[in-house]
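Participant: Here it is, the structure in full.
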Amino acid sequence: MKTQVVIIGGGPSGLLLSQLLHRRGIESIVLERKTKDYVLGRIRAGVLETGLVQLMEQAGCATRMHAEGFIHSGTQISYGTDIFRIDFAAHTGSNVMVYGQTEVTRDLYAAREQAGGAIEFDAQDVAIHDAKSDRPYVSYRQGGRPHRIDCDFIAGCDGFHGISRQSIPLDVRREYEKIYPFGWLGILSETPPVNHELIYSASDRGFALCSMRNEKLSRYYIQCSLSDKPEDWTDAAFWQELIRRIPESFAANLVTGPSIEKSIAPLRSFVTEPMQWGRLFLCGDAAHIVPPTGAKGLNTAASDVHYLFSGLTEFYETGARAGIDAYSGKALARVWKAERFSWWFSSLMHRYPDQSDFDRKIQTAELEYLRNSAAAQKVMAENYVGLPY
């Protein structure tokens, strides 16, 4: 087989890139290690920055998102008994969209299938060859049979554990990592959200987040120990702990019910540099991971897609290489800003095991400054809705 761009990974970033390229007449083949049902079964965050919403519109995949998604013009921050609101619209003139990542992926699959896009599922033993040459290719096995795809470029959208990043030699790439000493225990429940906007709560017992998927499906998180396991927590114990960590005015309206999904996510920050090697380009989790605080994971992947799509379009339409040659630098500049925001917000809202009384006083002072400073709120709002591409 032969195509212009091989995209390794059939998650939202790989599908979005493929759909955007298709609309500019650029051919691609998507390789996905798992099945479509497996990909759509993954539970992920669903707060979309303005930039991602615009990319979905550009890809022709925004109809259901606009019909079923929820526009949020602000968020609630609580600490102790105090609550204040960050008004995104007032500070930035923009908003975020609450729309599940699974639904984003579902819409992108529908678009690629309608367009007859090539997606190869159950692609095993994927390997990248000759990425530094002008004739790279990708090999894989499917149903026990070997396959080869010759191409012009390779986009590695296959996540942290994928082959793409590992294909860049160790003497070329440098990795930066921070492991946080806690995790998030999250549940999904078929209950109405406790509030029409997200609630980020910093309590003496640890962080909590009240989120939602739609009017009848809620997503809640509490900070937990890294040694905890989901089965250690009954639904009753989770609800009881959540109530202890959010303000009474919200707790009084909380509707509880059986969880339909329960999991623990560790928190980490990770960046690899560079994000390109020859004709191989990394996108999303293949190159970087952010803590879930502030919901930047999918959104940083989207900004990568934007830069790569722009560079590839320029190359195929004009022959210029400026965009693809500058891809890593542009993507990393924005990634590190997102990493900074996620680190800052995580540091502000969580209880750390080794925190001193001084550290906690500083946290409180920072929260009070954020509450009372329009300038500080504007900075947070700008980062939350998404910095410009």
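Residue numbering restarts at 1 in every chain; chains get A, B, ... in the order shown in the structure tokens, and ligands count up from 1 in that same order.
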Excluding Ala376 in chain A and its own-chain neighbours fewer than 4 positions away, which residues fall within 12 Å of it when counting only C-alpha atoms? Please give them as an NGL selection string.
Facilitator: :A and (86-87 or 91 or 366-372 or 380-383)
Participant: For Met65 in chain A, please output as JSON, numbers by chain all residues within 10 Å (counting only C-alpha atoms; exclusion window: fewer than 5 positions along the same chain).
Facilitator: {"A": [53, 56, 57, 70, 97, 98, 99, 100, 103, 104, 107]}
Participant: Those residues you just picked out, can you put them in a file as a PDB file, in the first residue's frame with N, CA and C atoms?
Facilitator:
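The result, written out as selection32.pdb:
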ATOM      1  N   VAL A  53     -12.846  23.228  19.585  1.00  0.00           N
ATOM      2  CA  VAL A  53     -14.186  23.405  19.016  1.00  0.00           C
ATOM      3  C   VAL A  53     -14.081  23.901  17.575  1.00  0.00           C
ATOM      4  N   MET A  56     -12.967  21.111  15.253  1.00  0.00           N
ATOM      5  CA  MET A  56     -14.080  20.203  14.945  1.00  0.00           C
ATOM      6  C   MET A  56     -14.990  20.822  13.892  1.00  0.00           C
ATOM      7  N   GLU A  57     -15.198  22.121  13.969  1.00  0.00           N
ATOM      8  CA  GLU A  57     -15.982  22.807  12.948  1.00  0.00           C
ATOM      9  C   GLU A  57     -15.272  22.736  11.603  1.00  0.00           C
ATOM     10  N   PHE A  70     -22.466  21.383  26.163  1.00  0.00           N
ATOM     11  CA  PHE A  70     -22.853  22.451  27.080  1.00  0.00           C
ATOM     12  C   PHE A  70     -21.782  23.532  27.087  1.00  0.00           C
ATOM     13  N   MET A  97     -16.442  24.234  25.986  1.00  0.00           N
ATOM     14  CA  MET A  97     -17.544  23.334  25.654  1.00  0.00           C
ATOM     15  C   MET A  97     -17.378  22.045  26.453  1.00  0.00           C
ATOM     16  N   VAL A  98     -18.419  21.635  27.177  1.00  0.00           N
ATOM     17  CA  VAL A  98     -18.407  20.353  27.871  1.00  0.00           C
ATOM     18  C   VAL A  98     -19.064  19.323  26.958  1.00  0.00           C
ATOM     19  N   TYR A  99     -18.255  18.418  26.456  1.00  0.00           N
ATOM     20  CA  TYR A  99     -18.691  17.405  25.498  1.00  0.00           C
ATOM     21  C   TYR A  99     -17.702  16.261  25.599  1.00  0.00           C
ATOM     22  N   GLY A 100     -18.169  15.084  25.918  1.00  0.00           N
ATOM     23  CA  GLY A 100     -17.292  13.965  26.243  1.00  0.00           C
ATOM     24  C   GLY A 100     -16.314  13.609  25.132  1.00  0.00           C
ATOM     25  N   GLU A 103     -17.531  11.098  22.775  1.00  0.00           N
ATOM     26  CA  GLU A 103     -18.437  11.606  21.749  1.00  0.00           C
ATOM     27  C   GLU A 103     -17.665  12.300  20.633  1.00  0.00           C
ATOM     28  N   VAL A 104     -16.597  13.003  20.985  1.00  0.00           N
ATOM     29  CA  VAL A 104     -15.720  13.590  19.964  1.00  0.00           C
ATOM     30  C   VAL A 104     -15.190  12.487  19.050  1.00  0.00           C
ATOM     31  N   ASP A 107     -17.920  11.041  16.775  1.00  0.00           N
ATOM     32  CA  ASP A 107     -18.230  11.925  15.647  1.00  0.00           C
ATOM     33  C   ASP A 107     -17.149  11.848  14.570  1.00  0.00           C
TER      34      ASP A 107
END
Participant: Identify, on the basis of only C-alpha atoms, every residue whose closest approach to range 200-202 of chain A does not exceed 7 Å; exclude the query and any residue fewer than 5 positions from it along the same chain; express the result as a ChimeraX atom specification.
Facilitator: /A:76-79,207-210,245-246,349-350
Participant: With a distance cut-off of 12 Å and only C-alpha atoms, select the neighbouring residues of Leu170 in chain A, excluding the residue or stretch itself and same-chain residues fewer than 6 positions from it, and output the selection as a ChimeraX atom specification.
Facilitator: /A:272-274,277
Participant: Residues as selected, N, CA and C atoms, written as a compact mmCIF listing (two decimals), in the first residue's frame, can you do that?
Facilitator:
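File selection11.txt, as written:
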# COMPACT_ATOMS: atom_id res chain seq x y z
N THR A 272 8.37 15.09 26.03
CA THR A 272 9.56 14.64 25.30
C THR A 272 9.91 15.68 24.24
N GLU A 273 11.20 15.89 24.06
CA GLU A 273 11.70 16.81 23.03
C GLU A 273 12.78 16.10 22.21
N PRO A 274 12.80 16.31 20.89
CA PRO A 274 11.86 17.07 20.08
C PRO A 274 10.61 16.24 19.78
N TRP A 277 11.18 13.85 14.21
CA TRP A 277 12.47 13.24 13.87
C TRP A 277 12.38 12.81 12.42
Participant: Can you pull out every residue within 10 Å of Gly25 in chain A, counting only C-alpha atoms, but drop anything in the same chain fewer than 6 positions away, and send it as a list in words?
Facilitator: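 Near Gly25 in chain A, the qualifying residues are Gln19, Thr313, Tyr316 and Glu317 of chain A.
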Participant: Using C-alpha atoms, can you export the residues from the last selection as a PDB file, in the first residue's frame?
Facilitator:
ATOM      1  CA  GLN A  19     -10.342  14.161   8.698  1.00  0.00           C
ATOM      2  CA  THR A 313      -1.163  21.461   4.073  1.00  0.00           C
ATOM      3  CA  TYR A 316       1.361  19.665  -0.259  1.00  0.00           C
ATOM      4  CA  GLU A 317      -0.194  22.872  -1.590  1.00  0.00           C
TER       5      GLU A 317
END
Participant: Contacts of Val39 in chain A at 8 Å or less, counting only C-alpha atoms, minus same-chain residues fewer than 5 places along, as a PDB file with C-alpha atoms, in the first residue's frame?
Facilitator:
ATOM      1  CA  GLY A  10      -7.096   5.766  15.983  1.00  0.00           C
ATOM      2  CA  GLY A  11      -7.963   7.962  18.938  1.00  0.00           C
ATOM      3  CA  LYS A  34      -7.369  -2.077  19.173  1.00  0.00           C
TER       4      LYS A  34
END
Participant: Applying 9 Å and only C-alpha atoms, which residues near Arg44 in chain A remain after dropping the ones on its own chain fewer than 4 positions away? List them as a PyMOL selection string.
Facilitator: chain A and resi 100-102+298
Participant: Quick check for you: according to DSSP on this backbone, which residues of range 33-248 of chain A are classed as strand (DSSP E or B)? Reply as a VMD selection string.
Facilitator: chain A and resid 47 to 48 70 to 72 74 to 79 82 to 87 96 to 98 118 to 120 124 to 129 137 to 142 145 to 150 153 to 156 174 to 189 199 to 203 206 to 214 217 to 224
Participant: Pick the closest to Arg351 in chain A from A:Gly257, A:Pro247, A:Gly183, A:Gly386: which is it, counting only C-alpha atoms?
Facilitator: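 Once distances to Arg351 in chain A are computed over only C-alpha atoms, the minimum belongs to A:Gly183.
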Participant: Go through A:Gly69, A:Gly80, A:Pro181, A:Pro192 and flag the residue nearest Pro291 in chain A, using only C-alpha atoms for the distances.
Facilitator: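 Among A:Gly69, A:Gly80, A:Pro181, A:Pro192, it is A:Pro181 that comes nearest to Pro291 in chain A.
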Participant: With only C-alpha atoms as the atoms that count, which of A:Asp37, A:Glu339, A:Glu231, A:Asp204 lies nearest to Pro353 in chain A?
Facilitator: A:Asp204
Participant: Hey, which of A:Lys361, A:His306, A:His22, A:His129 ends up closest to Arg148 in chain A? Count only C-alpha atoms.
Facilitator: A:His129
Participant: At a cut-off of 12 Å, can you tabulate as CSV every residue of range 137-220 of chain A near range 324-333 of chain A together with its closest atom pair and the distance in Å to one decimal, using only C-alpha atoms and ordering rows by chain then number?
Facilitator:
residue,atom,partner,partner_atom,distance
A:Phe153,CA,A:Ile324,CA,10.1
A:Ile154,CA,A:Ile324,CA,11.8
A:Ala155,CA,A:Ile324,CA,11.5
A:Arg173,CA,A:Ser328,CA,11.9
Participant: Based on the selection just made, write N, CA and C atoms of those residues as a short mmCIF file (atom, residue, chain, number, x, y, z; two decimals), in the first residue's frame.
Facilitator:
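Written output follows (again_12.cif):
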data_model
loop_
_atom_site.label_atom_id
_atom_site.label_comp_id
_atom_site.auth_asym_id
_atom_site.auth_seq_id
_atom_site.Cartn_x
_atom_site.Cartn_y
_atom_site.Cartn_z
N PHE A 153 4.97 10.95 5.05
CA PHE A 153 5.14 11.36 6.43
C PHE A 153 4.41 10.39 7.35
N ILE A 154 4.84 10.37 8.61
CA ILE A 154 4.22 9.53 9.64
C ILE A 154 3.85 10.41 10.82
N ALA A 155 2.60 10.29 11.26
CA ALA A 155 2.12 11.02 12.45
C ALA A 155 1.91 10.01 13.57
N ARG A 173 16.26 12.16 21.72
CA ARG A 173 15.16 12.71 22.53
C ARG A 173 15.55 12.89 23.99
#
Participant: Go through range 72-226 of chain A and collect every residue that DSSP, computed from the backbone, puts in helix (DSSP H, G or I); the answer should be as a list in words.
Facilitator: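 After running DSSP on the backbone, range 72-226 of chain A has helix (DSSP H, G or I) at Phe88, Ala89, Ala90, His91, Thr92, Gln101, Thr102, Glu103, Val104, Thr105, Arg106, Asp107, Leu108, Tyr109, Ala110, Ala111, Arg112, Glu113, Gln114, Ile163, Ser164, Arg165 and Gln166 of chain A.
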Participant: Between A:Val5, A:Val305, A:Ala287, A:Ala295, which has the minimum distance to Glu177 in chain A (counting only C-alpha atoms)?
Facilitator: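 Closest residue, counting only C-alpha atoms: A:Ala287.
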Participant: Counting only C-alpha atoms, which of A:Gly156, A:Gly51, A:Gly60, A:Gly144 gets nearest to Leu282 in chain A?
Facilitator: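 With only C-alpha atoms as the atom set, the closest residue is A:Gly156.
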Participant: Can you work out the spacing between CA of Asp354 in chain A and CA of Arg205 in chain A in Å, to one decimal?
Facilitator: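 About the pair CA of Asp354 in chain A and CA of Arg205 in chain A: they are 14.0 Å apart.
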